[in-house]
Structure formats: structure tokens, C-alpha cells
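Written below as C-alpha cells is the structure these notes are about.
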Amino acid sequence: MNNRISYIFFIVWMNCSLSFAFSTDSITIDKERYEDRLRGFWLGSCIANWTGLPTENQRTKFPFFTDSDFGENKFDYVLNQDPWGADDDTDIEYIYMYAIEKFNNNKLTGKEISSVWQDHIGLPKLWVSNLAALGQMQNGAIPPETSLPKNNPMWDMIDAQLTTEIFGVLAPGRPEVALDMAYLPIRTTAYLHSKWASEFYVIMHSMAVLADQSLSRKDQVFWLATQARKRIPDWSYIADMYDFVKSEYEVNLDKDNWELTRDKVAQRYQYEINAGYKYRYPWDSGINFAASMVSLFYGEGDYKKTIRIGCMSGWDSDNPTSTWGGLLGILYGHEELQKHFNKNNFSNLYDIQRSRYNMPKPIDNFTDMAKRAIKIIDKVVVENMKGAIQSNNWVIPIKNNPIKKDEIPKTNVPWMIIEDNDNRWKYEGFRIKKDQWNASGASLSFGYKDCKAEISFYGKAVQYYAYRNSEGGKVTIFLDGKNYGEFSLKNDSNEYGQYYVKIFEKLNLNSGEHTLKIVGDSSPREKTIDLLSIIPL
């Protein structure tokens, strides 16, 4: 057992899973050892991120990639970046750590989050729920309002799952403290199911220091997953996905045949509707959480195997992969991760300016990032955990049963999206453009002089979202023949404009069919349709 992380525990085997009970009221963590784990977190995340990027959204339906597609001049581990490029899987976590330092506040407020997002996070490297949240913050909204389905049509996307694991890292051994610190950052973009998926990962990162070092890596990650599962309400499709994948892993006699379970995941959750989950996009929180469970269980704690499976699993493959890269980086530490790859000259540099703006250190390094995190944790241990710093150790009080199931009752989100490429639209002068990656569904409809769009729907409320930029014109909105006025799509405040901006909203409609018309002005300036969000009957 690692003598630097000392605690006494009883191990209880039940149903082939590991449960854990502490008989002490504190743990002692060697800060120097944890600093190595922090460097492992950043390196592990970056290797996994860049290994996964080439397969991101390349296979989102059958046929998917398999193990045969990895290695031998095909897809392979990315190990030689220098510096490591920031990407959305690591950079917003970096911004959150910077914000804690800037405001000297371990529990960021909504206004503080809004401030750093507007100062440092923006287009073009921003997508789905992150992008929808930023547009709201630029117009004055403050988290958690930015995650509510009535304000953010992308609330159930993957975003918070790749931007908040850092809070688990900054609250070692105390998942309830980590969840408290992560609450508003998660709720900046996530709600209900996507929130619980994010919390699942935060818990695992926080509890990594509690994993019994005498156990195999497989048993360590399985134990961590079992602990994190306690948080998720059983009615959530996130719980169903965890339970389903774990059960499929256990009954599969060939533990190398992870593709069998991945294919069952696709059939159960993408091609069918189960547990209340209806697939929308390859960057859904749900489908990617399920895919991450495949790589976690079949990876069995081995970094290379876990990352390889994650990359080949499909959908938004770099994101779950990056999460496990960070978690296994914490479990391994930087030194052991080097041994794992038989490579001791990984770059230590991190290029935050690749994707985020106006940072004090455009090129940072993992060593300094880890040292700054240690200072943050010093404060978290004393102020948030009521622990102590003794010599070069943290002494952290441990709570019994720290993970409480979220008791939110079963909730139905009524809002439903109608994309701009839905065949119910009737367009005159509008053209649908594909591969518009900052738009919802990666399509955006553009119109110019005297363009018109009309759609009929059955619903009780309607919202119209569009893209605002410096080239935007004006549109007039008619609902059921009534003129609701002229709305500007022009915005000069941001070089890249604003996506997912709510232009028009009408609530409390009478039950029945309604017709919405969007009529462009006579100027050649740009008019856009990104999506409608409605409450169907």
C-alpha cells in the first residue's frame, strides 16, 4: 500500500463489485506525490485528447470503428506534440482553475464565471451547449440560468462532461466538496441528465486518491465507478446506461470483444428509445456517457487500452477519451505514465492561446500548473474541508457516505427542437448550409433580400434561434398571422457573432396548430435560421 496516502479500510466483495468503508476519520496525502498526479492529469488528458481527435464524429452510426482500425499506420497514440495544444477538452478546465486564482474564490459565483467566459472563451473553438451559454452571458444572463432548457436548447449535450473534472482534482478525497465547487460550473451548461453525467466524472476524479493502492488498476476504476453511480437517480437515462453497459461487460465472456457491447449501446440508445433517452446528435451527453462506460469497463484500468477503445467507440470520441486520460493520469501519476509509454521526454508545455484568449501565460507548462493547483488545494483543504496542512502533507477529514443520490423527482423537459433542415420548413430565398459546426446540428439556413420561411407545428410555446453577426439584417416575425414586429440579427460586439441566440419567444399558446413566418427585410444583409424550440402538445 502507498505509505504516502494512509487510511484503513474494510473491503467487502459483493456481486463481483467492490464496496468501501472507512474506519478512520481522516486521510493524509503527500503533496509532492499529488503534484506528480496533477502533472499526470494534464499529460494524460492531452495524450487522450489528441489521440481521440482524428476519430471525433467520424463514425456516428453503423459501421463503427473496431480494434483493427487502430495502430499500424492507421489511428494511433499521439505522443509527440510540443507544446500540447489546448482544446475544449482541457482549456475550459484551465480557465476555471485560473478563475479560482483570479478571484481567490474556491466556489466561483455565476458573475465570476460569466466574467472569465466573456474575457477568455469564445468562437471559433466553441460548440453546442458551451456556445449557447456564452451567447446568453454576452447578453446578460448569469449561470445557472444559462443551462435551463427554456434558455439553452443544447442543455443535454456533452459539454460539462469535459469541462469540470478539474473540480474533482482540486478536492481530493472529498467528493461532496468537489460537487459543491463544481455545481455552478456544471450548471453553466448542463441540466438533469447531462449534469449527473458530469458529476459522475467529478466524483471519480475526487475519489481517485482513496482507491486502494494494493488493488489492480481494474479494481480501482471499478470501485470508483461504483461510488460515482450512487449519485445518479435511478430514473435517469444516465443510470440506465451505466447499469446496462456494466451488465453487458459482466456477461461477456470475451473481455476483448468490447465492440459487441458498443454495438448494443448503439442499438439500444441510438436506434431505439429506452429509459426516456431519445438520440439527437453525436455530441449528446447520453450516447457519449454510454460509450465512455464501454471504454472504462473494457479498458480495465489500463491507460493504453482504455484510450484505444475510447477512440474507436464512435460519436464524439475525443471527449470521453480525454476524461479517462485525465482520471488514469491521476491514478498513474506523471512518472508512471512515462513508464507506461516507455517515454521520458514528453513535452511539458501547454499552449492555452491555441483556443483561449488574453491569458497571462499564453504558453504554460504542466509543472507550474500542478504547483498552482497545489496552492488552490491548500486553501480548499483548510477552508472547505476543515482539514490541516502538516509538513508537506494534507490531513483531510473524511465523511461517512459522502455521496448522496440526487433526490430530484422524475422530471420531463417539455422543450423539443425543430432544426433548420427539418422538412416541415417552406423556404423562399433561404439555403441550408451543412458543416456549420458552430450551429446546432451542424447546419444553418441563410437568406438575404426578401427571403421568407414558414413552418407549421403543434405546440404550446415556440422560440426562434438564429445567428447574429456584423452582417446580419432584420426579420419580421408573424405567428398565426399576427405581426410581432421586426427583430435585428446584427451584432457588432463579437468578431464571430453569436450563435444559438434567442430572437423571439411566445409562451402559453393555445392548444392546436400554429404557423410561424420569418420574413427578411429588403436589404442584402444576412438572415439566418438555426432552430426552433417548441413545447409540443
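Simple scheme: letters A, B, ... for chains in C-alpha cells order, numbers from 1 for residues in each chain, numbers from 1 for ligands in the order shown.
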
Would you return as a CSV table (one decimal) with all heavy atoms, in the first residue's frame the members of stretch 77-119 of chain A that DSSP assigns to alpha helix (DSSP H) on this structure's backbone?
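Result written to part18.csv:
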chain,number,residue,atom,x,y,z
A,91,ASP,N,-9.2,23.1,-22.1
A,91,ASP,CA,-8.9,24.5,-21.9
A,91,ASP,C,-9.9,25.2,-21.0
A,91,ASP,O,-9.5,26.1,-20.3
A,91,ASP,CB,-8.8,25.2,-23.2
A,91,ASP,CG,-10.1,25.0,-24.1
A,91,ASP,OD1,-11.1,24.6,-23.6
A,91,ASP,OD2,-10.0,25.4,-25.3
A,92,ILE,N,-11.2,24.8,-21.0
A,92,ILE,CA,-12.1,25.4,-20.1
A,92,ILE,C,-11.8,25.0,-18.6
A,92,ILE,O,-12.0,25.9,-17.7
A,92,ILE,CB,-13.6,25.1,-20.5
A,92,ILE,CG1,-13.8,25.7,-21.9
A,92,ILE,CG2,-14.6,25.7,-19.5
A,92,ILE,CD1,-15.2,25.5,-22.4
A,93,GLU,N,-11.4,23.8,-18.4
A,93,GLU,CA,-10.9,23.5,-17.1
A,93,GLU,C,-9.7,24.4,-16.6
A,93,GLU,O,-9.7,24.8,-15.5
A,93,GLU,CB,-10.5,22.0,-17.0
A,93,GLU,CG,-11.6,21.0,-17.2
A,93,GLU,CD,-11.2,19.6,-17.1
A,93,GLU,OE1,-10.7,19.0,-18.1
A,93,GLU,OE2,-11.4,19.0,-16.0
A,94,TYR,N,-8.8,24.6,-17.6
A,94,TYR,CA,-7.7,25.5,-17.3
A,94,TYR,C,-8.3,26.9,-16.9
A,94,TYR,O,-7.8,27.5,-15.9
A,94,TYR,CB,-6.8,25.6,-18.5
A,94,TYR,CG,-5.6,26.5,-18.4
A,94,TYR,CD1,-4.4,26.0,-18.1
A,94,TYR,CD2,-5.7,27.9,-18.6
A,94,TYR,CE1,-3.3,26.8,-17.9
A,94,TYR,CE2,-4.6,28.7,-18.4
A,94,TYR,CZ,-3.4,28.2,-18.1
A,94,TYR,OH,-2.3,29.0,-18.0
A,95,ILE,N,-9.3,27.4,-17.6
A,95,ILE,CA,-9.9,28.7,-17.3
A,95,ILE,C,-10.5,28.7,-15.9
A,95,ILE,O,-10.4,29.7,-15.2
A,95,ILE,CB,-10.9,29.1,-18.4
A,95,ILE,CG1,-10.3,29.2,-19.8
A,95,ILE,CG2,-11.6,30.4,-18.0
A,95,ILE,CD1,-9.2,30.3,-19.9
A,96,TYR,N,-11.2,27.6,-15.6
A,96,TYR,CA,-11.8,27.6,-14.2
A,96,TYR,C,-10.7,27.6,-13.1
A,96,TYR,O,-10.9,28.3,-12.1
A,96,TYR,CB,-12.6,26.3,-14.1
A,96,TYR,CG,-14.0,26.4,-14.7
A,96,TYR,CD1,-14.5,25.4,-15.5
A,96,TYR,CD2,-14.8,27.5,-14.6
A,96,TYR,CE1,-15.8,25.5,-16.1
A,96,TYR,CE2,-16.1,27.7,-15.1
A,96,TYR,CZ,-16.6,26.6,-15.9
A,96,TYR,OH,-17.8,26.7,-16.4
A,97,MET,N,-9.6,26.9,-13.3
A,97,MET,CA,-8.5,27.0,-12.3
A,97,MET,C,-8.0,28.4,-12.3
A,97,MET,O,-7.7,28.9,-11.2
A,97,MET,CB,-7.4,26.0,-12.7
A,97,MET,CG,-6.5,25.8,-11.5
A,97,MET,SD,-5.3,24.4,-11.8
A,97,MET,CE,-4.1,25.2,-12.8
A,98,TYR,N,-7.8,29.0,-13.4
A,98,TYR,CA,-7.4,30.4,-13.5
A,98,TYR,C,-8.4,31.3,-12.7
A,98,TYR,O,-8.0,32.2,-12.0
A,98,TYR,CB,-7.2,30.9,-14.9
A,98,TYR,CG,-7.1,32.3,-15.1
A,98,TYR,CD1,-5.9,33.0,-14.8
A,98,TYR,CD2,-8.2,33.1,-15.6
A,98,TYR,CE1,-5.9,34.4,-15.0
A,98,TYR,CE2,-8.1,34.4,-15.8
A,98,TYR,CZ,-7.0,35.1,-15.5
A,98,TYR,OH,-6.9,36.5,-15.6
A,99,ALA,N,-9.7,31.1,-12.9
A,99,ALA,CA,-10.7,31.9,-12.3
A,99,ALA,C,-10.6,31.8,-10.8
A,99,ALA,O,-10.8,32.8,-10.0
A,99,ALA,CB,-12.1,31.6,-12.8
A,100,ILE,N,-10.4,30.6,-10.3
A,100,ILE,CA,-10.3,30.4,-8.8
A,100,ILE,C,-9.1,31.2,-8.3
A,100,ILE,O,-9.2,31.9,-7.2
A,100,ILE,CB,-10.1,28.9,-8.5
A,100,ILE,CG1,-11.4,28.1,-8.8
A,100,ILE,CG2,-9.7,28.7,-7.0
A,100,ILE,CD1,-11.2,26.6,-8.7
A,101,GLU,N,-8.0,31.2,-9.0
A,101,GLU,CA,-6.8,32.0,-8.6
A,101,GLU,C,-7.1,33.5,-8.7
A,101,GLU,O,-6.8,34.3,-7.8
A,101,GLU,CB,-5.6,31.7,-9.5
A,101,GLU,CG,-5.1,30.3,-9.4
A,101,GLU,CD,-4.0,30.0,-10.4
A,101,GLU,OE1,-4.3,29.9,-11.6
A,101,GLU,OE2,-2.9,30.0,-10.0
A,102,LYS,N,-7.7,33.9,-9.8
A,102,LYS,CA,-8.0,35.4,-10.1
A,102,LYS,C,-8.9,36.0,-9.0
A,102,LYS,O,-8.6,37.1,-8.5
A,102,LYS,CB,-8.6,35.5,-11.4
A,102,LYS,CG,-9.0,37.0,-11.8
A,102,LYS,CD,-9.7,37.1,-13.1
A,102,LYS,CE,-10.1,38.6,-13.4
A,102,LYS,NZ,-10.7,38.7,-14.8
A,103,PHE,N,-10.0,35.3,-8.7
A,103,PHE,CA,-11.0,35.8,-7.7
A,103,PHE,C,-10.7,35.3,-6.3
A,103,PHE,O,-11.4,35.7,-5.4
A,103,PHE,CB,-12.4,35.4,-8.2
A,103,PHE,CG,-12.8,35.9,-9.5
A,103,PHE,CD1,-13.0,35.1,-10.6
A,103,PHE,CD2,-13.0,37.3,-9.6
A,103,PHE,CE1,-13.3,35.6,-11.8
A,103,PHE,CE2,-13.4,37.8,-10.9
A,103,PHE,CZ,-13.5,37.0,-12.0
A,110,GLY,N,-21.7,32.9,-10.1
A,110,GLY,CA,-22.2,33.0,-11.5
A,110,GLY,C,-21.6,34.2,-12.2
A,110,GLY,O,-21.2,34.1,-13.4
A,111,LYS,N,-21.5,35.3,-11.5
A,111,LYS,CA,-20.9,36.5,-12.1
A,111,LYS,C,-19.4,36.3,-12.5
A,111,LYS,O,-18.9,36.8,-13.5
A,111,LYS,CB,-21.1,37.7,-11.2
A,111,LYS,CG,-22.6,38.2,-11.1
A,111,LYS,CD,-22.7,39.4,-10.3
A,111,LYS,CE,-24.1,39.9,-10.3
A,111,LYS,NZ,-24.3,41.1,-9.4
A,112,GLU,N,-18.7,35.6,-11.6
A,112,GLU,CA,-17.3,35.3,-11.8
A,112,GLU,C,-17.1,34.4,-13.0
A,112,GLU,O,-16.2,34.6,-13.9
A,112,GLU,CB,-16.6,34.7,-10.6
A,112,GLU,CG,-16.5,35.8,-9.5
A,112,GLU,CD,-16.1,35.1,-8.1
A,112,GLU,OE1,-16.3,33.9,-8.0
A,112,GLU,OE2,-15.8,35.8,-7.2
A,113,ILE,N,-18.0,33.4,-13.1
A,113,ILE,CA,-17.9,32.5,-14.3
A,113,ILE,C,-18.2,33.3,-15.6
A,113,ILE,O,-17.5,33.2,-16.6
A,113,ILE,CB,-18.9,31.4,-14.1
A,113,ILE,CG1,-18.5,30.4,-13.0
A,113,ILE,CG2,-19.1,30.6,-15.4
A,113,ILE,CD1,-19.5,29.4,-12.6
A,114,SER,N,-19.3,34.1,-15.6
A,114,SER,CA,-19.6,34.9,-16.7
A,114,SER,C,-18.4,35.8,-17.1
A,114,SER,O,-18.1,36.0,-18.3
A,114,SER,CB,-20.8,35.8,-16.4
A,114,SER,OG,-21.1,36.6,-17.5
A,115,SER,N,-17.8,36.4,-16.2
A,115,SER,CA,-16.7,37.3,-16.4
A,115,SER,C,-15.5,36.6,-17.2
A,115,SER,O,-15.0,37.1,-18.2
A,115,SER,CB,-16.1,37.9,-15.1
A,115,SER,OG,-15.0,38.7,-15.3
A,116,VAL,N,-15.1,35.5,-16.7
A,116,VAL,CA,-13.9,34.8,-17.3
A,116,VAL,C,-14.4,34.2,-18.6
A,116,VAL,O,-13.5,34.1,-19.6
A,116,VAL,CB,-13.3,33.7,-16.4
A,116,VAL,CG1,-12.7,34.4,-15.2
A,116,VAL,CG2,-14.3,32.6,-16.0
A,117,TRP,N,-15.6,33.7,-18.8
A,117,TRP,CA,-16.0,33.2,-20.1
A,117,TRP,C,-16.0,34.3,-21.1
A,117,TRP,O,-15.5,34.1,-22.2
A,117,TRP,CB,-17.5,32.7,-20.0
A,117,TRP,CG,-17.5,31.2,-19.5
A,117,TRP,CD1,-17.2,30.7,-18.3
A,117,TRP,CD2,-18.0,30.1,-20.3
A,117,TRP,NE1,-17.4,29.3,-18.3
A,117,TRP,CE2,-17.9,29.0,-19.5
A,117,TRP,CE3,-18.5,30.0,-21.6
A,117,TRP,CZ2,-18.3,27.7,-20.0
A,117,TRP,CZ3,-18.9,28.8,-22.1
A,117,TRP,CH2,-18.8,27.6,-21.3
A,118,GLN,N,-16.5,35.5,-20.8
A,118,GLN,CA,-16.5,36.6,-21.7
A,118,GLN,C,-15.2,37.1,-22.1
A,118,GLN,O,-14.9,37.6,-23.2
A,118,GLN,CB,-17.5,37.7,-21.3
A,118,GLN,CG,-18.9,37.3,-21.2
A,118,GLN,CD,-19.8,38.4,-20.9
A,118,GLN,OE1,-20.0,39.3,-21.7
A,118,GLN,NE2,-20.5,38.4,-19.7
A,119,ASP,N,-14.2,37.1,-21.1
A,119,ASP,CA,-12.9,37.6,-21.3
A,119,ASP,C,-12.0,36.6,-22.0
A,119,ASP,O,-11.1,37.0,-22.8
A,119,ASP,CB,-12.2,37.9,-19.9
A,119,ASP,CG,-12.8,39.2,-19.3
A,119,ASP,OD1,-13.5,39.9,-20.0
A,119,ASP,OD2,-12.5,39.4,-18.1

* Give me the residues within 7 Å of A:Glu300 as a VMD selection string, counting only C-alpha atoms and dropping any in the same chain fewer than 4 places off. => chain A and resid 217 to 218 296

Selection above as a file: N, CA, C and O atoms, as a PDB file, in the first residue's frame:
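File produced: again_4.pdb:
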ATOM      1  N   ARG A 217      -5.352  -1.945 -11.111  1.00  0.00           N
ATOM      2  CA  ARG A 217      -5.967  -0.768 -11.728  1.00  0.00           C
ATOM      3  C   ARG A 217      -7.423  -1.049 -12.095  1.00  0.00           C
ATOM      4  O   ARG A 217      -8.287  -0.182 -11.959  1.00  0.00           O
ATOM      5  N   LYS A 218      -7.679  -2.252 -12.579  1.00  0.00           N
ATOM      6  CA  LYS A 218      -9.056  -2.603 -12.918  1.00  0.00           C
ATOM      7  C   LYS A 218      -9.965  -2.443 -11.708  1.00  0.00           C
ATOM      8  O   LYS A 218     -11.015  -1.790 -11.786  1.00  0.00           O
ATOM      9  N   LEU A 296     -14.352   2.482 -20.273  1.00  0.00           N
ATOM     10  CA  LEU A 296     -13.922   2.359 -18.877  1.00  0.00           C
ATOM     11  C   LEU A 296     -13.876   0.896 -18.443  1.00  0.00           C
ATOM     12  O   LEU A 296     -12.866   0.419 -17.926  1.00  0.00           O
TER      13      LEU A 296
END

* To do: Counting only C-alpha atoms, figure out which residue out of A:Thr90, A:Val475, A:Glu176, A:Trp437 gets nearest to A:Asn400.
  => A:Glu176

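Put simply, atom CA of A:Ser68 is 25.5 Å away from atom CA of A:Gln338.
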
* Residue contacts of A:Lys404 (12 Å, only C-alpha atoms) excluding same-chain residues fewer than 4 positions away, as a VMD selection string -> chain A and resid 175 to 176 179 199 to 200 203 227 to 233 399 to 400 408

* Structure fact -> As a check of understanding: the span from atom CA of A:Ile529 to atom CA of A:Ala466 is 4.9 Å

* To do: Find the residues near A:Ala190: any atom within 10 Å, counting only C-alpha atoms, skip ones fewer than 6 places away on the same chain, and give them as a list in words.
  =>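 Non-adjacent residues within range: Ser129, Asn130, Ala133, Pro144, Thr146, Ser147, Leu148, Pro149, Asn152, Met154, Trp155, Asp156, Met157, Ile158, Asp159, Ala160, Gln161, Tyr183, Leu184, Trp196, Ala197, Ser198 and Ser285 of chain A.
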
* Compile the contact shell of A:Tyr500 as a list in words: residues with an atom at most 7 Å away, counting only C-alpha atoms, same-chain residues fewer than 3 positions apart removed. =>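 My list of contacting residues is Ala132, Gly135, Tyr465, Ala466, Tyr467 and Asp530 of chain A.
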
* Structure fact -> atom CA of A:Ala373 sits from atom CA of A:Val78 at a separation of 25.6 Å

* Polymer residues at most 9 Å from A:Phe457, only C-alpha atoms, same-chain spacing of 6 or more positions, as a list in words -> Arg424, Gly512, Glu513, His514, Thr515, Leu516, Ile534 and Pro536 of chain A

If we count only C-alpha atoms and set the cut-off at 10 Å, which residues sit around A:Ser347, ignoring sequence neighbours fewer than 6 positions away in its own chain? Please answer as a CSV table (one decimal) with N, CA, C and O atoms, in the first residue's frame.
chain,number,residue,atom,x,y,z
A,43,LEU,N,-1.1,15.7,-18.5
A,43,LEU,CA,-0.5,14.9,-19.6
A,43,LEU,C,-1.4,13.9,-20.1
A,43,LEU,O,-1.6,13.7,-21.3
A,79,LEU,N,1.8,11.2,-29.2
A,79,LEU,CA,2.7,11.3,-28.0
A,79,LEU,C,3.7,12.5,-28.2
A,79,LEU,O,4.4,12.8,-27.2
A,80,ASN,N,3.8,13.1,-29.3
A,80,ASN,CA,5.0,14.0,-29.6
A,80,ASN,C,4.6,15.4,-29.8
A,80,ASN,O,5.4,16.2,-30.4
A,81,GLN,N,3.4,15.9,-29.4
A,81,GLN,CA,3.1,17.3,-29.5
A,81,GLN,C,4.0,18.1,-28.6
A,81,GLN,O,4.3,17.7,-27.5
A,82,ASP,N,4.5,19.3,-29.1
A,82,ASP,CA,5.4,20.1,-28.4
A,82,ASP,C,5.2,21.6,-28.9
A,82,ASP,O,5.8,21.9,-29.9
A,83,PRO,N,4.4,22.4,-28.2
A,83,PRO,CA,3.7,22.1,-27.0
A,83,PRO,C,2.4,21.4,-27.2
A,83,PRO,O,2.0,21.2,-28.4
A,84,TRP,N,1.8,20.9,-26.2
A,84,TRP,CA,0.5,20.3,-26.3
A,84,TRP,C,-0.5,21.4,-26.5
A,84,TRP,O,-0.6,22.4,-25.8
A,365,ASN,N,2.9,25.5,-18.6
A,365,ASN,CA,3.6,24.2,-18.5
A,365,ASN,C,3.0,23.4,-17.4
A,365,ASN,O,2.5,24.0,-16.4
A,366,PHE,N,3.0,22.1,-17.5
A,366,PHE,CA,2.3,21.2,-16.6
A,366,PHE,C,2.9,21.4,-15.2
A,366,PHE,O,2.2,21.2,-14.2

* Would you please give, as a PyMOL selection string, all residues of stretch 10-125 of chain A that DSSP assigns to strand (DSSP E or B) based on the backbone? => chain A and resi 10-14+17-22+26-30+70+75+84-85

Please produce an output containing C-alpha atoms for each residue in the selection, written as a short mmCIF file (atom, residue, chain, number, x, y, z; two decimals), in the first residue's frame.
data_model
loop_
_atom_site.label_atom_id
_atom_site.label_comp_id
_atom_site.auth_asym_id
_atom_site.auth_seq_id
_atom_site.Cartn_x
_atom_site.Cartn_y
_atom_site.Cartn_z
CA PHE A 10 -12.52 -2.81 5.01
CA ILE A 11 -13.09 -4.41 1.64
CA VAL A 12 -16.38 -6.11 1.03
CA TRP A 13 -16.89 -8.19 -2.07
CA MET A 14 -20.48 -8.37 -3.24
CA SER A 17 -18.10 -5.29 -7.25
CA LEU A 18 -16.02 -3.61 -4.62
CA SER A 19 -17.54 -1.52 -1.85
CA PHE A 20 -15.58 0.54 0.61
CA ALA A 21 -15.99 1.57 4.26
CA PHE A 22 -13.57 3.75 6.17
CA SER A 26 -9.09 11.37 8.02
CA ILE A 27 -6.56 10.66 5.33
CA THR A 28 -3.07 12.02 4.90
CA ILE A 29 -1.93 12.93 1.37
CA ASP A 30 1.66 13.68 0.46
CA PHE A 70 -6.06 1.27 -34.55
CA PHE A 75 -5.09 5.69 -35.94
CA TRP A 84 0.48 20.29 -26.27
CA GLY A 85 -2.32 22.23 -27.92
#

* Looking at only C-alpha atoms, which of A:Asn139, A:Thr109, A:Ser216, A:Asn73 is the one that sits closest to A:Ile503? -> A:Asn139

* Structure fact -> Nearest to A:Glu505, restricted to only C-alpha atoms and choosing among A:Ser236, A:Thr323, A:Asn151, A:Thr55, comes out as A:Asn151

* Asked: Smallest atom-to-atom distance to A:Lys278: which of A:Val202, A:Ile417, A:Ala291, A:Ile363, using only C-alpha atoms?
  ->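 Closest to A:Lys278 of all the choices is A:Ile417.
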